[in-house]
Each structure stands twice: as structure tokens, then as C-alpha cells.
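Peer 1: Pasting model-v7.txt below, which is compact mmCIF, C-alpha atoms.
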# COMPACT_ATOMS: atom_id res chain seq x y z
CA MET A 7 119.23 -7.27 70.59
CA ARG A 8 121.63 -9.32 68.56
CA ARG A 9 121.16 -13.05 68.29
CA THR A 10 124.21 -15.15 68.84
CA LYS A 11 122.60 -18.37 67.65
CA THR A 12 121.97 -18.77 63.93
CA MET A 13 118.43 -19.69 62.91
CA LEU A 14 116.96 -21.14 59.78
CA PHE A 15 114.99 -18.68 57.71
CA GLY A 16 111.90 -20.90 57.90
CA ASP A 17 112.08 -20.86 61.70
CA VAL A 18 112.35 -17.07 61.71
CA LEU A 19 109.27 -16.79 59.47
CA LYS A 20 107.33 -19.28 61.60
CA GLU A 21 108.17 -17.29 64.72
CA PHE A 22 107.14 -14.02 63.04
CA PHE A 23 103.79 -15.32 61.74
CA SER A 24 102.91 -16.95 65.06
CA ARG A 25 102.82 -13.59 66.85
CA PRO A 26 99.23 -12.83 67.84
CA TYR A 27 98.96 -9.46 66.07
CA VAL A 28 100.41 -10.78 62.82
CA ALA A 29 98.28 -13.94 62.93
CA ALA A 30 95.14 -11.85 63.47
CA LYS A 31 95.95 -9.57 60.54
CA ILE A 32 96.55 -12.56 58.27
CA ALA A 33 93.25 -14.11 59.37
CA GLU A 34 91.52 -10.79 58.72
CA GLY A 35 92.89 -10.76 55.20
CA LYS A 36 91.56 -14.28 54.60
CA LEU A 37 88.13 -13.40 56.00
CA PRO A 38 86.25 -13.37 52.64
CA ASP A 39 87.50 -16.88 51.86
CA THR A 40 86.70 -18.08 55.37
CA TRP A 41 83.21 -16.52 55.10
CA ARG A 42 82.58 -18.42 51.85
CA GLU A 43 83.73 -21.66 53.45
CA VAL A 44 81.52 -21.19 56.53
CA VAL A 45 78.25 -19.98 54.97
CA GLY A 46 78.48 -21.68 51.58
CA ASP A 47 78.70 -20.47 48.01
CA ARG A 48 75.08 -19.34 47.61
CA ALA A 49 75.11 -17.13 50.71
CA ALA A 50 78.57 -15.80 49.85
CA ASP A 51 77.37 -14.85 46.36
CA HIS A 52 74.58 -12.77 47.92
CA THR A 53 76.97 -11.08 50.38
CA THR A 54 77.56 -7.52 49.22
CA ALA A 55 79.94 -6.37 51.96
CA LEU A 56 81.93 -7.78 54.87
CA LYS A 57 83.42 -5.43 57.44
CA LEU A 58 85.27 -6.26 60.65
CA GLU A 59 85.38 -3.57 63.34
CA ASN A 60 86.35 -4.17 66.98
CA HIS A 61 85.90 -7.93 66.63
CA ILE A 62 82.36 -7.49 65.27
CA LEU A 63 81.71 -8.81 61.77
CA TYR A 64 79.13 -6.86 59.75
CA ALA A 65 77.74 -8.80 56.79
CA HIS A 66 75.45 -7.13 54.27
CA LEU A 67 73.32 -9.50 52.20
CA SER A 68 71.13 -8.80 49.20
CA SER A 69 68.74 -11.74 49.76
CA SER A 70 66.22 -11.46 52.58
CA VAL A 71 65.71 -15.23 52.72
CA ILE A 72 69.42 -15.94 53.18
CA ARG A 73 69.69 -13.01 55.59
CA SER A 74 67.04 -14.49 57.87
CA GLU A 75 68.62 -17.95 57.67
CA LEU A 76 72.06 -16.62 58.63
CA PHE A 77 70.55 -14.47 61.37
CA TYR A 78 69.66 -17.61 63.34
CA ARG A 79 73.15 -19.08 62.80
CA ARG A 80 75.14 -16.02 63.97
CA GLU A 81 76.81 -17.63 67.00
CA THR A 82 77.68 -20.77 65.05
CA ILE A 83 79.15 -18.69 62.22
CA ALA A 84 81.33 -16.70 64.63
CA ALA A 85 82.59 -19.87 66.32
CA GLU A 86 83.36 -21.54 62.99
CA ILE A 87 85.24 -18.48 61.66
CA ASN A 88 87.35 -18.40 64.83
CA ARG A 89 88.04 -22.13 64.57
CA LEU A 90 89.09 -21.97 60.92
CA SER A 91 91.24 -18.87 61.35
CA GLY A 92 93.00 -20.19 64.44
CA VAL A 93 92.65 -16.91 66.36
CA ARG A 94 89.78 -15.22 68.16
CA LEU A 95 88.88 -12.89 65.33
CA VAL A 96 85.09 -12.48 65.65
CA ASN A 97 83.11 -12.01 68.86
CA ALA A 98 79.76 -11.28 67.21
CA VAL A 99 78.19 -11.33 63.75
CA ILE A 100 75.67 -8.72 62.69
CA ILE A 101 73.64 -9.56 59.59
CA LYS A 102 72.21 -6.60 57.68
Output the structure of this file as C-alpha cells.
Peer 2:
Amino acid sequence: MRRTKTMLFGDVLKEFFSRPYVAAKIAEGKLPDTWREVVGDRAADHTTALKLENHILYAHLSSSVIRSELFYRRETIAAEINRLSGVRLVNAVIIK
């Protein structure tokens, strides 16, 4: 489909990045930074792996104390990640 109306390049980029699939992939790429912002520096330093599969975030932690603390905050963490990313990225968080 050929456009007859000229568009500014910034408007084209804004339209492209606002597509749901593209926005979700960008948010997925920023997930480690978002995780650090949500759980804090100490918990992020003890996080050994983050994996997102089928809207479930798997977080592996090396500290049992931090693991148990984050276990009780799972729903809050998922809601905060979704709020910061702007898309529904995480449905559940599993702490291992």
C-alpha cells in the first residue's frame, strides 16, 4: 500500500514503536534494567538469571534471604514491571 500523504520520519518511528508486538519486544529487552529498578540494587546483584517464557518471569537468586523476601512480593513485582514497561509483559513471577 502506497501512502499518498507525506509523514515526518519521527511520526513514522513513533507509529512503528507503538505497535503492540514491537513495544513488547522492546520492553523484554529492557527487562534486566526494569528488574533492577523494581527489586533494588541488592536483590538485582544476587539475581543470577532472568528468563521470560510465555509471560512468566523466572528469576534465579543466589541468596536465600532475598529469595524468600521476593517470594512474598511476587504479585507486586509483576504489577510494577508491567506498569514501568507500559505493556502487559509479565503475568506471574516465579522465584527460584
Peer 1: Rounded to one decimal, what separation in Å do you get between atom CA of A:Asn88 and atom CA of A:Val71?
Peer 2: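 It comes out at 25.0 Å.
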Peer 1: Could you state the separation of atom CA of A:Ile62 and atom CA of A:Leu95 in Å, given to one decimal place?
Peer 2: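 Separating atom CA of A:Ile62 from atom CA of A:Leu95 is a distance of 8.5 Å.
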Peer 1: Might you pull out every residue within 12 Å of A:Val45, with all atoms listed in the file counted and same-chain residues fewer than 2 positions away left off, and present them as a list in words?
Peer 2: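 Using all atoms listed in the file, the neighbours found are Leu37, Pro38, Asp39, Thr40, Trp41, Arg42, Glu43, Asp47, Arg48, Ala49, Ala50, Asp51, His52, Thr53, Ala65, Leu67, Ile72, Arg73, Glu75, Leu76, Phe77, Arg79, Arg80, Thr82, Ile83, Ala84, Glu86 and Ile87 of chain A.
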Peer 1: Selection from above, C-alpha atoms, as an mmCIF file, keeping the file's coordinate frame, can you write it?
Peer 2:
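Wrote result21.cif, looks like this:
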data_model
loop_
_atom_site.group_PDB
_atom_site.id
_atom_site.type_symbol
_atom_site.label_atom_id
_atom_site.label_comp_id
_atom_site.auth_asym_id
_atom_site.auth_seq_id
_atom_site.Cartn_x
_atom_site.Cartn_y
_atom_site.Cartn_z
ATOM 1 C CA LEU A 37 88.130 -13.400 56.000
ATOM 2 C CA PRO A 38 86.250 -13.370 52.640
ATOM 3 C CA ASP A 39 87.500 -16.880 51.860
ATOM 4 C CA THR A 40 86.700 -18.080 55.370
ATOM 5 C CA TRP A 41 83.210 -16.520 55.100
ATOM 6 C CA ARG A 42 82.580 -18.420 51.850
ATOM 7 C CA GLU A 43 83.730 -21.660 53.450
ATOM 8 C CA ASP A 47 78.700 -20.470 48.010
ATOM 9 C CA ARG A 48 75.080 -19.340 47.610
ATOM 10 C CA ALA A 49 75.110 -17.130 50.710
ATOM 11 C CA ALA A 50 78.570 -15.800 49.850
ATOM 12 C CA ASP A 51 77.370 -14.850 46.360
ATOM 13 C CA HIS A 52 74.580 -12.770 47.920
ATOM 14 C CA THR A 53 76.970 -11.080 50.380
ATOM 15 C CA ALA A 65 77.740 -8.800 56.790
ATOM 16 C CA LEU A 67 73.320 -9.500 52.200
ATOM 17 C CA ILE A 72 69.420 -15.940 53.180
ATOM 18 C CA ARG A 73 69.690 -13.010 55.590
ATOM 19 C CA GLU A 75 68.620 -17.950 57.670
ATOM 20 C CA LEU A 76 72.060 -16.620 58.630
ATOM 21 C CA PHE A 77 70.550 -14.470 61.370
ATOM 22 C CA ARG A 79 73.150 -19.080 62.800
ATOM 23 C CA ARG A 80 75.140 -16.020 63.970
ATOM 24 C CA THR A 82 77.680 -20.770 65.050
ATOM 25 C CA ILE A 83 79.150 -18.690 62.220
ATOM 26 C CA ALA A 84 81.330 -16.700 64.630
ATOM 27 C CA GLU A 86 83.360 -21.540 62.990
ATOM 28 C CA ILE A 87 85.240 -18.480 61.660
#
Peer 1: Have a look at A:Val44, A:Val96, A:Phe22, A:Gly16 and name the one nearest to A:Leu63; count all atoms listed in the file.
Peer 2: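 Checking each candidate against A:Leu63, we get A:Val96 as the closest.
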Peer 1: Which distance in Å separates atom CA of A:Lys102 and atom CA of A:Lys57, to one decimal?
Peer 2: 11.3 Å
Peer 1: Box for stretch 70-79 of chain A: with edges along x, y and z, all listed atoms inside and 5 Å added on each side, what are the centre and edge lengths in Å to one decimal, as AutoDock Vina command-line options?
Peer 2:
--center_x 69.4 --center_y -15.3 --center_z 58.0 --size_x 17.4 --size_y 17.6 --size_z 20.8
Peer 1: Measuring atom to atom with all atoms listed in the file, identify which of A:Phe15, A:Ile100, A:Thr10, A:Ala29 is nearest to A:Ser74.
Peer 2: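 Between A:Phe15, A:Ile100, A:Thr10, A:Ala29, the residue approaching A:Ser74 most closely is A:Ile100.
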Peer 1: Find the residue from A:Lys36, A:Glu81, A:Val28, A:Val18 that sits nearest to A:Leu56; use only C-alpha atoms when measuring.
Peer 2: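 Going through A:Lys36, A:Glu81, A:Val28, A:Val18 one by one, the smallest distance to A:Leu56 is for A:Lys36.
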Peer 1: For each of A:Tyr27, A:Val99, A:Gly46, A:Arg89, take the minimum atom-to-atom distance to A:His61, counting all atoms listed in the file, then give the residue where this is smallest.
Peer 2: A:Val99
Peer 1: My list of candidates is A:Tyr78, A:Ser69, A:Leu58, A:Ile101. Which is closest to A:Lys31 when distances are computed with only C-alpha atoms?
Peer 2: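 Checking each of A:Tyr78, A:Ser69, A:Leu58, A:Ile101 against A:Lys31, counting only C-alpha atoms, the winner is A:Leu58.
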